[in-house]
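Engineer: Have a look at this one before I ask anything.
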Amino acid sequence: MLKRFVWKENDIYSIQLTGEQYILAQLLTKPYAAFFNIQSASADFSDAAVDIRQAAPLGVCMVLKDFFKKCAIHKMPASVGYRQEIAIPELFISPDREQWFQRSEVNEAERIYNLVRIDPVAGDQGIIGNEIVIYDIVRHHPELVHTYEMVGYNTGYELIRRLLLSVEHNRWIDPAREKLLVGQDLYPLQTLDELWHIGVPRYV
C-alpha cells in the first residue's frame, strides 16, 4: 500500500498480485491504466532488467484511484521508461438504457447490452448519455464481445482476479464480459478465500 498516491500520466507502478508476484501498470489519462505482463518477485523489480518502452500492454481499462492506493506497492524510477501512444478505448459494452430502469424485472437471459461510445476527453456520460453504436451486441455481433471492455471502473479483488487470470493466460481476460456469451463464469478464483489461499494480500 502506498503512503501517498497522485495520478500522474505515464507514471509506472508495481502491483502486487500475490506474496511474490508483481506486475507493472502505467497510468494513462485518468481514469485509464495499462497493465503489462512483466513480472518480478520483488516490488521494486530489482531482480530484473525492466524497459517498458517496447512492451505491449495486456490490456487497458478504467481503474479507480483507490485501487492504486491499496494495491500498488512501489513507484518505478524514470529509468524503466514508459510505453508511448497507448490508445485510450472509446467503445465499451454497456447495459441497455431502456432496460436499466426495469432491471430488477428482467432476467439475465433477456438482458440487452449495447456497444456505446465514450469520448476520452468528455468521459463517461452514463447509461443515458453515452451514444449507442451497436444495439444488442451480444445477440447481433457476439464475435465482437471479446474486443471491448465492459463500461465502468475496475478495482479491488475483482481487478486483481482479472490480472491474475490475464497474466496466467497471457491475454486480457474479463470473466464478466465472457459471461455475457456463455451464461456463467468459467474461471477459477471466484471467492476471496480462493484468492487469499494463493497468496493475494488481504487489502484493507
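Each chain in the C-alpha cells gets a letter, A, B, ..., in the order shown, and its residues are numbered from 1; ligands are numbered from 1 in order too.
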Residues at most 6 Å from region 74-78 of chain A, counting only C-alpha atoms, excluding those fewer than 4 positions away in the same chain, as an mmCIF file with all heavy atoms, in the first residue's frame?
Structural biologist:
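This went into result_2.cif:
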```cif
data_model
loop_
_atom_site.group_PDB
_atom_site.id
_atom_site.type_symbol
_atom_site.label_atom_id
_atom_site.label_comp_id
_atom_site.auth_asym_id
_atom_site.auth_seq_id
_atom_site.Cartn_x
_atom_site.Cartn_y
_atom_site.Cartn_z
ATOM 1 N N ILE A 12 4.739 4.782 -13.638
ATOM 2 C CA ILE A 12 4.714 3.327 -13.639
ATOM 3 C C ILE A 12 4.737 2.824 -12.195
ATOM 4 O O ILE A 12 5.555 3.291 -11.381
ATOM 5 C CB ILE A 12 5.913 2.725 -14.394
ATOM 6 C CG1 ILE A 12 6.046 3.344 -15.793
ATOM 7 C CG2 ILE A 12 5.802 1.208 -14.466
ATOM 8 C CD1 ILE A 12 4.939 2.997 -16.742
ATOM 9 N N TYR A 13 3.850 1.886 -11.879
ATOM 10 C CA TYR A 13 3.784 1.318 -10.533
ATOM 11 C C TYR A 13 3.839 -0.199 -10.600
ATOM 12 O O TYR A 13 3.359 -0.814 -11.566
ATOM 13 C CB TYR A 13 2.488 1.733 -9.836
ATOM 14 C CG TYR A 13 2.467 3.178 -9.403
ATOM 15 C CD1 TYR A 13 2.037 4.167 -10.270
ATOM 16 C CD2 TYR A 13 2.893 3.547 -8.136
ATOM 17 C CE1 TYR A 13 2.020 5.506 -9.882
ATOM 18 C CE2 TYR A 13 2.880 4.884 -7.735
ATOM 19 C CZ TYR A 13 2.439 5.849 -8.612
ATOM 20 O OH TYR A 13 2.433 7.179 -8.230
ATOM 21 N N SER A 14 4.396 -0.794 -9.552
ATOM 22 C CA SER A 14 4.317 -2.243 -9.419
ATOM 23 C C SER A 14 3.060 -2.583 -8.625
ATOM 24 O O SER A 14 2.740 -1.928 -7.630
ATOM 25 C CB SER A 14 5.561 -2.811 -8.726
ATOM 26 O OG SER A 14 5.647 -2.356 -7.395
#
```
Engineer: For region 74-145 of chain A against region 43-64 of chain A, with a cut-off of 8 Å and counting only C-alpha atoms, what is the closest atom pair and its distance in Å to one decimal for every residue that makes the cut, ordered by chain and number, as CSV?
Structural biologist:
```
residue,atom,partner,partner_atom,distance
A:His74,CA,A:Ala43,CA,6.0
A:Lys75,CA,A:Asp44,CA,7.9
A:Met76,CA,A:Asp44,CA,6.8
A:Ser79,CA,A:Asp51,CA,7.7
A:Val80,CA,A:Asp51,CA,4.7
A:Gly81,CA,A:Arg53,CA,5.7
A:Tyr82,CA,A:Arg53,CA,5.0
A:Arg83,CA,A:Arg53,CA,4.3
A:Gln84,CA,A:Arg53,CA,7.0
A:Ile88,CA,A:Val60,CA,7.4
A:Pro89,CA,A:Val60,CA,7.6
```
Engineer: If you keep N, CA and C atoms, can you produce a file of those selected residues as a PDB file, in the first residue's frame?
Structural biologist:
```pdb
ATOM      1  N   HIS A  74       4.992   0.047  -5.261  1.00  0.00           N
ATOM      2  CA  HIS A  74       6.219   0.793  -5.493  1.00  0.00           C
ATOM      3  C   HIS A  74       6.100   1.623  -6.770  1.00  0.00           C
ATOM      4  N   LYS A  75       6.489   2.880  -6.697  1.00  0.00           N
ATOM      5  CA  LYS A  75       6.557   3.715  -7.896  1.00  0.00           C
ATOM      6  C   LYS A  75       7.915   3.486  -8.548  1.00  0.00           C
ATOM      7  N   MET A  76       7.898   3.104  -9.813  1.00  0.00           N
ATOM      8  CA  MET A  76       9.121   2.756 -10.500  1.00  0.00           C
ATOM      9  C   MET A  76       9.881   4.009 -10.921  1.00  0.00           C
ATOM     10  N   SER A  79      13.870   5.498 -15.104  1.00  0.00           N
ATOM     11  CA  SER A  79      14.758   4.712 -15.957  1.00  0.00           C
ATOM     12  C   SER A  79      14.050   3.531 -16.629  1.00  0.00           C
ATOM     13  N   VAL A  80      12.913   3.081 -16.088  1.00  0.00           N
ATOM     14  CA  VAL A  80      12.208   1.966 -16.715  1.00  0.00           C
ATOM     15  C   VAL A  80      11.458   2.431 -17.966  1.00  0.00           C
ATOM     16  N   GLY A  81      11.353   3.757 -18.138  1.00  0.00           N
ATOM     17  CA  GLY A  81      10.661   4.303 -19.291  1.00  0.00           C
ATOM     18  C   GLY A  81       9.160   4.150 -19.173  1.00  0.00           C
ATOM     19  N   TYR A  82       8.467   4.450 -20.254  1.00  0.00           N
ATOM     20  CA  TYR A  82       7.024   4.211 -20.322  1.00  0.00           C
ATOM     21  C   TYR A  82       6.651   3.992 -21.773  1.00  0.00           C
ATOM     22  N   ARG A  83       5.543   3.290 -21.983  1.00  0.00           N
ATOM     23  CA  ARG A  83       5.100   2.980 -23.338  1.00  0.00           C
ATOM     24  C   ARG A  83       4.347   4.184 -23.901  1.00  0.00           C
ATOM     25  N   GLN A  84       4.773   4.680 -25.042  1.00  0.00           N
ATOM     26  CA  GLN A  84       4.125   5.820 -25.666  1.00  0.00           C
ATOM     27  C   GLN A  84       2.974   5.372 -26.564  1.00  0.00           C
ATOM     28  N   ILE A  88      -6.392   5.008 -25.905  1.00  0.00           N
ATOM     29  CA  ILE A  88      -7.462   5.025 -24.916  1.00  0.00           C
ATOM     30  C   ILE A  88      -8.719   4.492 -25.592  1.00  0.00           C
ATOM     31  N   PRO A  89      -9.348   3.472 -25.019  1.00  0.00           N
ATOM     32  CA  PRO A  89     -10.543   2.924 -25.665  1.00  0.00           C
ATOM     33  C   PRO A  89     -11.686   3.928 -25.705  1.00  0.00           C
TER      34      PRO A  89
END
```
Engineer: Which residues come within 8 Å of region 151-162 of chain A, counting only C-alpha atoms, excluding same-chain residues fewer than 2 positions away, as a PDB file with all heavy atoms, in the first residue's frame?
Structural biologist:
```pdb
ATOM      1  N   LEU A  17       0.196  -8.907  -6.925  1.00  0.00           N
ATOM      2  CA  LEU A  17      -0.876  -9.864  -7.151  1.00  0.00           C
ATOM      3  C   LEU A  17      -0.918 -10.908  -6.048  1.00  0.00           C
ATOM      4  O   LEU A  17      -1.981 -11.222  -5.513  1.00  0.00           O
ATOM      5  CB  LEU A  17      -0.702 -10.547  -8.514  1.00  0.00           C
ATOM      6  CG  LEU A  17      -0.691  -9.624  -9.741  1.00  0.00           C
ATOM      7  CD1 LEU A  17      -0.603 -10.458 -11.022  1.00  0.00           C
ATOM      8  CD2 LEU A  17      -1.914  -8.724  -9.766  1.00  0.00           C
ATOM      9  N   CYS A  61      -7.930  -0.432 -19.164  1.00  0.00           N
ATOM     10  CA  CYS A  61      -9.286  -0.318 -18.634  1.00  0.00           C
ATOM     11  C   CYS A  61      -9.391   0.885 -17.701  1.00  0.00           C
ATOM     12  O   CYS A  61      -8.385   1.475 -17.311  1.00  0.00           O
ATOM     13  CB  CYS A  61      -9.714  -1.589 -17.902  1.00  0.00           C
ATOM     14  SG  CYS A  61      -8.715  -2.004 -16.449  1.00  0.00           S
ATOM     15  N   MET A  62     -10.627   1.248 -17.364  1.00  0.00           N
ATOM     16  CA  MET A  62     -10.864   2.276 -16.360  1.00  0.00           C
ATOM     17  C   MET A  62     -10.566   1.692 -14.982  1.00  0.00           C
ATOM     18  O   MET A  62     -10.975   0.563 -14.686  1.00  0.00           O
ATOM     19  CB  MET A  62     -12.328   2.732 -16.372  1.00  0.00           C
ATOM     20  CG  MET A  62     -12.785   3.417 -17.630  1.00  0.00           C
ATOM     21  SD  MET A  62     -14.515   3.961 -17.406  1.00  0.00           S
ATOM     22  CE  MET A  62     -14.882   4.553 -19.065  1.00  0.00           C
ATOM     23  N   VAL A  63      -9.871   2.453 -14.155  1.00  0.00           N
ATOM     24  CA  VAL A  63      -9.484   1.968 -12.831  1.00  0.00           C
ATOM     25  C   VAL A  63      -9.747   3.059 -11.794  1.00  0.00           C
ATOM     26  O   VAL A  63      -9.421   4.227 -12.029  1.00  0.00           O
ATOM     27  CB  VAL A  63      -7.995   1.568 -12.793  1.00  0.00           C
ATOM     28  CG1 VAL A  63      -7.635   0.988 -11.430  1.00  0.00           C
ATOM     29  CG2 VAL A  63      -7.668   0.570 -13.897  1.00  0.00           C
ATOM     30  N   LEU A  64     -10.302   2.667 -10.665  1.00  0.00           N
ATOM     31  CA  LEU A  64     -10.484   3.620  -9.579  1.00  0.00           C
ATOM     32  C   LEU A  64      -9.142   3.978  -8.960  1.00  0.00           C
ATOM     33  O   LEU A  64      -8.260   3.121  -8.812  1.00  0.00           O
ATOM     34  CB  LEU A  64     -11.388   3.034  -8.500  1.00  0.00           C
ATOM     35  CG  LEU A  64     -12.891   3.027  -8.752  1.00  0.00           C
ATOM     36  CD1 LEU A  64     -13.614   2.381  -7.567  1.00  0.00           C
ATOM     37  CD2 LEU A  64     -13.414   4.437  -8.983  1.00  0.00           C
ATOM     38  N   ASP A  66      -8.512   4.466  -5.963  1.00  0.00           N
ATOM     39  CA  ASP A  66      -8.347   3.717  -4.721  1.00  0.00           C
ATOM     40  C   ASP A  66      -7.623   2.394  -4.942  1.00  0.00           C
ATOM     41  O   ASP A  66      -6.931   1.900  -4.045  1.00  0.00           O
ATOM     42  CB  ASP A  66      -9.723   3.466  -4.093  1.00  0.00           C
ATOM     43  CG  ASP A  66      -9.631   2.894  -2.691  1.00  0.00           C
ATOM     44  OD1 ASP A  66      -9.069   3.578  -1.808  1.00  0.00           O
ATOM     45  OD2 ASP A  66     -10.104   1.762  -2.474  1.00  0.00           O
ATOM     46  N   PHE A  67      -7.753   1.812  -6.145  1.00  0.00           N
ATOM     47  CA  PHE A  67      -7.053   0.567  -6.435  1.00  0.00           C
ATOM     48  C   PHE A  67      -5.554   0.751  -6.310  1.00  0.00           C
ATOM     49  O   PHE A  67      -4.849  -0.082  -5.723  1.00  0.00           O
ATOM     50  CB  PHE A  67      -7.402   0.079  -7.840  1.00  0.00           C
ATOM     51  CG  PHE A  67      -6.618  -1.134  -8.269  1.00  0.00           C
ATOM     52  CD1 PHE A  67      -6.988  -2.398  -7.857  1.00  0.00           C
ATOM     53  CD2 PHE A  67      -5.492  -1.000  -9.072  1.00  0.00           C
ATOM     54  CE1 PHE A  67      -6.255  -3.517  -8.243  1.00  0.00           C
ATOM     55  CE2 PHE A  67      -4.755  -2.107  -9.466  1.00  0.00           C
ATOM     56  CZ  PHE A  67      -5.139  -3.374  -9.046  1.00  0.00           C
ATOM     57  N   CYS A  71      -3.329  -1.320  -3.824  1.00  0.00           N
ATOM     58  CA  CYS A  71      -2.691  -2.469  -4.458  1.00  0.00           C
ATOM     59  C   CYS A  71      -1.342  -2.175  -5.111  1.00  0.00           C
ATOM     60  O   CYS A  71      -0.590  -3.096  -5.413  1.00  0.00           O
ATOM     61  CB  CYS A  71      -3.627  -3.082  -5.492  1.00  0.00           C
ATOM     62  SG  CYS A  71      -5.228  -3.585  -4.805  1.00  0.00           S
ATOM     63  N   PHE A  92     -17.297   0.753 -25.612  1.00  0.00           N
ATOM     64  CA  PHE A  92     -17.496  -0.093 -24.445  1.00  0.00           C
ATOM     65  C   PHE A  92     -18.836  -0.817 -24.536  1.00  0.00           C
ATOM     66  O   PHE A  92     -19.767  -0.358 -25.199  1.00  0.00           O
ATOM     67  CB  PHE A  92     -17.498   0.754 -23.162  1.00  0.00           C
ATOM     68  CG  PHE A  92     -16.183   1.385 -22.832  1.00  0.00           C
ATOM     69  CD1 PHE A  92     -15.802   2.575 -23.431  1.00  0.00           C
ATOM     70  CD2 PHE A  92     -15.319   0.804 -21.914  1.00  0.00           C
ATOM     71  CE1 PHE A  92     -14.590   3.173 -23.133  1.00  0.00           C
ATOM     72  CE2 PHE A  92     -14.103   1.394 -21.613  1.00  0.00           C
ATOM     73  CZ  PHE A  92     -13.739   2.574 -22.221  1.00  0.00           C
ATOM     74  N   ILE A  93     -18.917  -1.941 -23.828  1.00  0.00           N
ATOM     75  CA  ILE A  93     -20.168  -2.684 -23.727  1.00  0.00           C
ATOM     76  C   ILE A  93     -20.928  -2.184 -22.500  1.00  0.00           C
ATOM     77  O   ILE A  93     -20.377  -2.125 -21.397  1.00  0.00           O
ATOM     78  CB  ILE A  93     -19.898  -4.195 -23.611  1.00  0.00           C
ATOM     79  CG1 ILE A  93     -19.150  -4.682 -24.859  1.00  0.00           C
ATOM     80  CG2 ILE A  93     -21.190  -4.970 -23.419  1.00  0.00           C
ATOM     81  CD1 ILE A  93     -18.609  -6.092 -24.733  1.00  0.00           C
ATOM     82  N   SER A  94     -22.191  -1.823 -22.707  1.00  0.00           N
ATOM     83  CA  SER A  94     -22.981  -1.194 -21.644  1.00  0.00           C
ATOM     84  C   SER A  94     -24.383  -1.787 -21.578  1.00  0.00           C
ATOM     85  O   SER A  94     -24.963  -2.124 -22.618  1.00  0.00           O
ATOM     86  CB  SER A  94     -23.072   0.318 -21.896  1.00  0.00           C
ATOM     87  OG  SER A  94     -23.956   0.942 -20.989  1.00  0.00           O
ATOM     88  N   GLU A 149     -14.148  -3.555 -23.681  1.00  0.00           N
ATOM     89  CA  GLU A 149     -14.314  -3.572 -22.234  1.00  0.00           C
ATOM     90  C   GLU A 149     -15.768  -3.345 -21.855  1.00  0.00           C
ATOM     91  O   GLU A 149     -16.513  -2.666 -22.564  1.00  0.00           O
ATOM     92  CB  GLU A 149     -13.473  -2.447 -21.590  1.00  0.00           C
ATOM     93  CG  GLU A 149     -12.009  -2.752 -21.461  1.00  0.00           C
ATOM     94  CD  GLU A 149     -11.727  -3.747 -20.354  1.00  0.00           C
ATOM     95  OE1 GLU A 149     -12.076  -3.483 -19.187  1.00  0.00           O
ATOM     96  OE2 GLU A 149     -11.138  -4.796 -20.661  1.00  0.00           O
ATOM     97  N   LEU A 164      -4.591 -11.645 -12.434  1.00  0.00           N
ATOM     98  CA  LEU A 164      -4.028 -12.982 -12.229  1.00  0.00           C
ATOM     99  C   LEU A 164      -4.363 -13.895 -13.399  1.00  0.00           C
ATOM    100  O   LEU A 164      -3.497 -14.607 -13.926  1.00  0.00           O
ATOM    101  CB  LEU A 164      -4.567 -13.579 -10.924  1.00  0.00           C
ATOM    102  CG  LEU A 164      -3.946 -13.067  -9.625  1.00  0.00           C
ATOM    103  CD1 LEU A 164      -4.827 -13.431  -8.441  1.00  0.00           C
ATOM    104  CD2 LEU A 164      -2.542 -13.630  -9.440  1.00  0.00           C
ATOM    105  N   LEU A 165      -5.621 -13.897 -13.813  1.00  0.00           N
ATOM    106  CA  LEU A 165      -6.040 -14.748 -14.923  1.00  0.00           C
ATOM    107  C   LEU A 165      -5.382 -14.313 -16.230  1.00  0.00           C
ATOM    108  O   LEU A 165      -4.944 -15.150 -17.033  1.00  0.00           O
ATOM    109  CB  LEU A 165      -7.561 -14.699 -15.068  1.00  0.00           C
ATOM    110  CG  LEU A 165      -8.374 -15.294 -13.913  1.00  0.00           C
ATOM    111  CD1 LEU A 165      -9.862 -14.979 -14.089  1.00  0.00           C
ATOM    112  CD2 LEU A 165      -8.160 -16.798 -13.814  1.00  0.00           C
ATOM    113  N   SER A 166      -5.293 -13.009 -16.438  1.00  0.00           N
ATOM    114  CA  SER A 166      -4.706 -12.487 -17.681  1.00  0.00           C
ATOM    115  C   SER A 166      -3.220 -12.812 -17.774  1.00  0.00           C
ATOM    116  O   SER A 166      -2.719 -13.180 -18.841  1.00  0.00           O
ATOM    117  CB  SER A 166      -4.926 -10.973 -17.768  1.00  0.00           C
ATOM    118  OG  SER A 166      -6.306 -10.654 -17.814  1.00  0.00           O
ATOM    119  N   TRP A 172      -5.810 -10.691 -22.299  1.00  0.00           N
ATOM    120  CA  TRP A 172      -6.652  -9.824 -21.458  1.00  0.00           C
ATOM    121  C   TRP A 172      -8.001 -10.497 -21.223  1.00  0.00           C
ATOM    122  O   TRP A 172      -8.793 -10.673 -22.150  1.00  0.00           O
ATOM    123  CB  TRP A 172      -6.818  -8.480 -22.138  1.00  0.00           C
ATOM    124  CG  TRP A 172      -7.378  -7.375 -21.322  1.00  0.00           C
ATOM    125  CD1 TRP A 172      -8.389  -6.531 -21.689  1.00  0.00           C
ATOM    126  CD2 TRP A 172      -6.933  -6.917 -20.039  1.00  0.00           C
ATOM    127  NE1 TRP A 172      -8.607  -5.595 -20.714  1.00  0.00           N
ATOM    128  CE2 TRP A 172      -7.728  -5.807 -19.681  1.00  0.00           C
ATOM    129  CE3 TRP A 172      -5.955  -7.342 -19.152  1.00  0.00           C
ATOM    130  CZ2 TRP A 172      -7.573  -5.107 -18.476  1.00  0.00           C
ATOM    131  CZ3 TRP A 172      -5.782  -6.657 -17.955  1.00  0.00           C
ATOM    132  CH2 TRP A 172      -6.585  -5.565 -17.631  1.00  0.00           C
ATOM    133  N   ILE A 173      -8.248 -10.866 -19.982  1.00  0.00           N
ATOM    134  CA  ILE A 173      -9.431 -11.642 -19.629  1.00  0.00           C
ATOM    135  C   ILE A 173     -10.365 -10.818 -18.753  1.00  0.00           C
ATOM    136  O   ILE A 173      -9.923 -10.099 -17.848  1.00  0.00           O
ATOM    137  CB  ILE A 173      -9.023 -12.942 -18.886  1.00  0.00           C
ATOM    138  CG1 ILE A 173      -8.353 -13.920 -19.866  1.00  0.00           C
ATOM    139  CG2 ILE A 173     -10.221 -13.608 -18.223  1.00  0.00           C
ATOM    140  CD1 ILE A 173      -7.808 -15.162 -19.204  1.00  0.00           C
ATOM    141  N   ASP A 174     -11.662 -10.931 -19.025  1.00  0.00           N
ATOM    142  CA  ASP A 174     -12.685 -10.346 -18.166  1.00  0.00           C
ATOM    143  C   ASP A 174     -13.790 -11.378 -18.014  1.00  0.00           C
ATOM    144  O   ASP A 174     -14.602 -11.562 -18.925  1.00  0.00           O
ATOM    145  CB  ASP A 174     -13.246  -9.057 -18.766  1.00  0.00           C
ATOM    146  CG  ASP A 174     -14.300  -8.420 -17.859  1.00  0.00           C
ATOM    147  OD1 ASP A 174     -14.569  -8.972 -16.776  1.00  0.00           O
ATOM    148  OD2 ASP A 174     -14.845  -7.364 -18.230  1.00  0.00           O
ATOM    149  N   PRO A 175     -13.837 -12.081 -16.880  1.00  0.00           N
ATOM    150  CA  PRO A 175     -14.868 -13.101 -16.691  1.00  0.00           C
ATOM    151  C   PRO A 175     -16.296 -12.561 -16.859  1.00  0.00           C
ATOM    152  O   PRO A 175     -17.166 -13.258 -17.380  1.00  0.00           O
ATOM    153  CB  PRO A 175     -14.622 -13.585 -15.258  1.00  0.00           C
ATOM    154  CG  PRO A 175     -13.172 -13.332 -15.021  1.00  0.00           C
ATOM    155  CD  PRO A 175     -12.888 -12.047 -15.744  1.00  0.00           C
ATOM    156  N   LEU A 189     -10.850 -18.938  -8.991  1.00  0.00           N
ATOM    157  CA  LEU A 189     -10.603 -17.812  -8.082  1.00  0.00           C
ATOM    158  C   LEU A 189     -11.835 -16.915  -7.958  1.00  0.00           C
ATOM    159  O   LEU A 189     -11.750 -15.700  -8.014  1.00  0.00           O
ATOM    160  CB  LEU A 189      -9.393 -16.990  -8.554  1.00  0.00           C
ATOM    161  CG  LEU A 189      -8.096 -17.761  -8.803  1.00  0.00           C
ATOM    162  CD1 LEU A 189      -7.017 -16.828  -9.349  1.00  0.00           C
ATOM    163  CD2 LEU A 189      -7.633 -18.459  -7.543  1.00  0.00           C
ATOM    164  N   LEU A 192     -13.127 -14.886  -2.239  1.00  0.00           N
ATOM    165  CA  LEU A 192     -11.999 -14.293  -1.525  1.00  0.00           C
ATOM    166  C   LEU A 192     -11.126 -15.367  -0.906  1.00  0.00           C
ATOM    167  O   LEU A 192      -9.895 -15.242  -0.889  1.00  0.00           O
ATOM    168  CB  LEU A 192     -12.518 -13.350  -0.435  1.00  0.00           C
ATOM    169  CG  LEU A 192     -13.087 -12.012  -0.912  1.00  0.00           C
ATOM    170  CD1 LEU A 192     -13.615 -11.211   0.270  1.00  0.00           C
ATOM    171  CD2 LEU A 192     -12.041 -11.213  -1.667  1.00  0.00           C
ATOM    172  N   LEU A 195      -8.715 -16.596  -3.441  1.00  0.00           N
ATOM    173  CA  LEU A 195      -7.675 -15.605  -3.708  1.00  0.00           C
ATOM    174  C   LEU A 195      -6.666 -15.558  -2.571  1.00  0.00           C
ATOM    175  O   LEU A 195      -5.450 -15.536  -2.797  1.00  0.00           O
ATOM    176  CB  LEU A 195      -8.307 -14.231  -3.930  1.00  0.00           C
ATOM    177  CG  LEU A 195      -9.120 -14.074  -5.222  1.00  0.00           C
ATOM    178  CD1 LEU A 195      -9.896 -12.777  -5.201  1.00  0.00           C
ATOM    179  CD2 LEU A 195      -8.207 -14.112  -6.443  1.00  0.00           C
TER     180      LEU A 195
END
```
Engineer: Please, what distance in Å, to one decimal, runs between CA of Arg4 (chain A) and CA of Gly199 (chain A)?
Structural biologist: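 Computing the Euclidean distance for CA of Arg4 (chain A) and CA of Gly199 (chain A) yields 24.4 Å.
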Engineer: Please extract the residues of region 60-197 of chain A with a backbone DSSP assignment of helix (DSSP H, G or I) and present them as a PyMOL selection string.
Structural biologist: chain A and resi 65-71+78-80+97-100+103-105+108-110+126-129+137-140+142-147+156-169+175-182+192-197
